[in-house]
Amino acid sequence: MRKIALVACSNGLEVRKKGSVEELCAYLEGLGFTPCVSPCLYEKDPVFCSVFSGTAEERAEALMSFYRDPEVQAILDLSGGDLANELLPYLDYEVIGKSRAEFWGYSDLTTILNAIYAKTGRSSVLYQARNLVSGGGFFRRPAFENTILQKQSDLFQISCQYVQKGQKQQELCGTLVGGNIRCLLKLAGTEYWPDMQDKILLLESWSGGVPKMVTYFSQLRQLGVFRQIKALLLGTFTEMEDRSCSPTIEELACRYAGAELPILKTRQIGHGKDALAVRVGDLFHFF
């Protein structure tokens, strides 16, 4: 039996999204999988607008139960928000490191994706599986199917363009870390922060204008990140790009990362429903 688990390690899903979850389950069943839904998927108290689907310990145990199940091939986190990093001390990284299950999630799950790499050396997938049952992401189903069923790389074929080539003469290939810029920085100063040396750093964002991005880029510079990484890859910065903010995210990146660092941009990674996927903690080649 092949199983795919559906979890919510960050904010619990609103009950009104149950229909889309059921649609996703039906789609996965059609691919030959048995969907296994976490008991901590939906918000527990929607009347009082609670975002919690369980305590940190309960959500962590729900996740670990799937890692311990040898029949689970993938764990798809359907959530986002703010709460994922409170699970990190309650996860068993030895079990995660030995499990065949691959974790998928995006946005706030950046914390778990990078923690898994930092603690185990394993890769995870930056992708929101709920996009597969949305109008904007429905057309990605063939790529997902080839990836999950045939172990091909269709969902990971990211095209990029240079913002600046930088002064470092080196092959732009390396292990990719990062994800959502706000959520990644929650890990700074903790044991879950990934080693940045010679990495490709991916950054993207849903919300935040110029002042917030200045704050985030300043912190990354003060952490010495831009001196360590091999290249910076910018995904979509939705609010900034929708509002045509000035300076642009590309201009801010050049200002704070410096002239020596290669900086590239893709519109295929981020919060868009049509987004593709990347593996955090795995080798990344620029196309």
# chains A, B, ... in the order shown; residues from 1 in each chain; ligands from 1
>>> select_by_dssp(residues="stretch 24-220 of chain A", states="helix (DSSP H, G or I)", output="count of residues only")
88
>>> residues_around(residues="stretch 11-25 of chain A", least_positions_apart="6", cutoff="6 Å", atoms="only C-alpha atoms", output="PyMOL selection string")
chain A and resi 35+41-43+51-53+80-81+83
>>> atom_distance(atom1="atom CA of A:Pro211", atom2="atom CA of A:Asn114")
25.2 Å
>>> atom_distance(atom1="atom CA of A:Arg2", atom2="atom CA of A:Arg100")
11.6 Å
>>> residues_around(residues="A:Gly97", least_positions_apart="2", cutoff="9 Å", atoms="only C-alpha atoms", output="PyMOL selection string")
chain A and resi 92-95+99-100+116+119-122
>>> write_last_selection(atoms="N, CA and C atoms", output="compact mmCIF listing (two decimals), in the first residue's frame")
# COMPACT_ATOMS: atom_id res chain seq x y z
N ASP A 92 11.43 14.21 16.11
CA ASP A 92 12.49 13.21 16.27
C ASP A 92 13.28 13.16 14.97
N TYR A 93 14.40 13.86 14.93
CA TYR A 93 15.15 13.98 13.69
C TYR A 93 15.86 12.69 13.31
N GLU A 94 16.13 11.84 14.27
CA GLU A 94 16.71 10.53 13.93
C GLU A 94 15.71 9.70 13.14
N VAL A 95 14.46 9.72 13.57
CA VAL A 95 13.41 9.00 12.85
C VAL A 95 13.20 9.62 11.47
N SER A 99 13.46 7.77 7.72
CA SER A 99 12.18 7.52 7.06
C SER A 99 12.29 7.67 5.55
N ARG A 100 11.47 6.93 4.82
CA ARG A 100 11.43 7.08 3.37
C ARG A 100 10.50 8.22 2.95
N ILE A 116 14.83 20.29 8.86
CA ILE A 116 15.08 18.90 8.47
C ILE A 116 16.46 18.79 7.82
N LYS A 119 19.28 19.35 10.52
CA LYS A 119 19.42 18.30 11.53
C LYS A 119 19.69 16.92 10.95
N THR A 120 19.31 16.70 9.69
CA THR A 120 19.43 15.35 9.13
C THR A 120 20.22 15.29 7.83
N GLY A 121 20.39 16.41 7.14
CA GLY A 121 21.02 16.41 5.83
C GLY A 121 20.07 15.98 4.72
N ARG A 122 18.81 15.71 5.06
CA ARG A 122 17.84 15.28 4.05
C ARG A 122 17.18 16.48 3.38
>>> residues_around(residues="stretch 157-161 of chain A", least_positions_apart="2", cutoff="6 Å", atoms="only C-alpha atoms", output="ChimeraX atom specification")
/A:154-155,264-266,287
>>> write_last_selection(atoms="C-alpha atoms", output="PDB file, in the first residue's frame")
ATOM      1  CA  ASP A 154       9.131  17.864 -14.245  1.00  0.00           C
ATOM      2  CA  LEU A 155       7.956  19.848 -11.229  1.00  0.00           C
ATOM      3  CA  LEU A 264      19.090  35.520 -10.191  1.00  0.00           C
ATOM      4  CA  LYS A 265      15.318  35.849 -10.435  1.00  0.00           C
ATOM      5  CA  THR A 266      12.532  33.396 -11.208  1.00  0.00           C
ATOM      6  CA  PHE A 287      18.791  26.630 -16.150  1.00  0.00           C
TER       7      PHE A 287
END
>>> closest_atom_pairs(of="stretch 102-189 of chain A", to="stretch 54-72 of chain A", cutoff="12 Å", atoms="only C-alpha atoms", output="Markdown table")
| residue | atom | partner | partner_atom | distance |
| --- | --- | --- | --- | --- |
| A:Glu102 | CA | A:Tyr67 | CA | 8.7 |
| A:Phe103 | CA | A:Tyr67 | CA | 9.2 |
| A:Trp104 | CA | A:Leu63 | CA | 11.9 |
| A:Ile112 | CA | A:Ala60 | CA | 10.9 |
>>> write_last_selection(atoms="N, CA and C atoms", output="short mmCIF file (atom, residue, chain, number, x, y, z; two decimals), in the first residue's frame")
data_model
loop_
_atom_site.label_atom_id
_atom_site.label_comp_id
_atom_site.auth_asym_id
_atom_site.auth_seq_id
_atom_site.Cartn_x
_atom_site.Cartn_y
_atom_site.Cartn_z
N GLU A 102 8.92 11.83 2.31
CA GLU A 102 9.45 13.14 1.95
C GLU A 102 8.44 14.21 2.33
N PHE A 103 8.91 15.25 3.00
CA PHE A 103 8.04 16.33 3.48
C PHE A 103 7.89 17.38 2.39
N TRP A 104 6.63 17.82 2.17
CA TRP A 104 6.31 18.89 1.22
C TRP A 104 5.56 20.00 1.96
N ILE A 112 10.37 24.23 8.88
CA ILE A 112 10.53 22.78 8.99
C ILE A 112 11.42 22.25 7.87
#
>>> atom_distance(atom1="atom CA of A:Pro39", atom2="atom CA of A:Phe144")
25.3 Å
>>> residues_around(residues="A:Pro194", least_positions_apart="3", cutoff="9 Å", atoms="only C-alpha atoms", output="list of chain:residue names")
A:Asn114, A:Ala115, A:Tyr117, A:Ala118, A:Lys119, A:Val177, A:Gly178, A:Leu187, A:Ala188, A:Glu191, A:Gly281
>>> write_last_selection(atoms="N, CA and C atoms", output="PDB file, in the first residue's frame")
ATOM      1  N   ASN A 114      13.922  23.667   6.321  1.00  0.00           N
ATOM      2  CA  ASN A 114      15.325  23.950   6.596  1.00  0.00           C
ATOM      3  C   ASN A 114      15.824  23.264   7.856  1.00  0.00           C
ATOM      4  N   ALA A 115      14.944  23.082   8.844  1.00  0.00           N
ATOM      5  CA  ALA A 115      15.335  22.353  10.051  1.00  0.00           C
ATOM      6  C   ALA A 115      15.641  20.896   9.728  1.00  0.00           C
ATOM      7  N   TYR A 117      16.778  19.725   6.938  1.00  0.00           N
ATOM      8  CA  TYR A 117      18.099  19.677   6.308  1.00  0.00           C
ATOM      9  C   TYR A 117      19.207  19.905   7.331  1.00  0.00           C
ATOM     10  N   ALA A 118      19.030  20.910   8.203  1.00  0.00           N
ATOM     11  CA  ALA A 118      20.063  21.240   9.181  1.00  0.00           C
ATOM     12  C   ALA A 118      20.332  20.086  10.142  1.00  0.00           C
ATOM     13  N   LYS A 119      19.284  19.347  10.516  1.00  0.00           N
ATOM     14  CA  LYS A 119      19.421  18.304  11.528  1.00  0.00           C
ATOM     15  C   LYS A 119      19.689  16.920  10.953  1.00  0.00           C
ATOM     16  N   VAL A 177      19.072  26.173  -0.096  1.00  0.00           N
ATOM     17  CA  VAL A 177      18.413  26.345   1.202  1.00  0.00           C
ATOM     18  C   VAL A 177      17.522  27.578   1.109  1.00  0.00           C
ATOM     19  N   GLY A 178      16.715  27.793   2.156  1.00  0.00           N
ATOM     20  CA  GLY A 178      15.888  28.987   2.209  1.00  0.00           C
ATOM     21  C   GLY A 178      14.433  28.726   1.906  1.00  0.00           C
ATOM     22  N   LEU A 187      14.597  31.099  12.171  1.00  0.00           N
ATOM     23  CA  LEU A 187      15.577  30.089  12.572  1.00  0.00           C
ATOM     24  C   LEU A 187      16.919  30.682  12.957  1.00  0.00           C
ATOM     25  N   ALA A 188      17.130  31.971  12.682  1.00  0.00           N
ATOM     26  CA  ALA A 188      18.428  32.594  12.965  1.00  0.00           C
ATOM     27  C   ALA A 188      18.781  32.463  14.443  1.00  0.00           C
ATOM     28  N   GLU A 191      19.552  26.116  16.545  1.00  0.00           N
ATOM     29  CA  GLU A 191      20.221  24.924  16.016  1.00  0.00           C
ATOM     30  C   GLU A 191      19.611  24.461  14.703  1.00  0.00           C
ATOM     31  N   GLY A 281      17.706  21.610   0.469  1.00  0.00           N
ATOM     32  CA  GLY A 281      18.666  20.639   0.960  1.00  0.00           C
ATOM     33  C   GLY A 281      19.176  19.698  -0.104  1.00  0.00           C
TER      34      GLY A 281
END
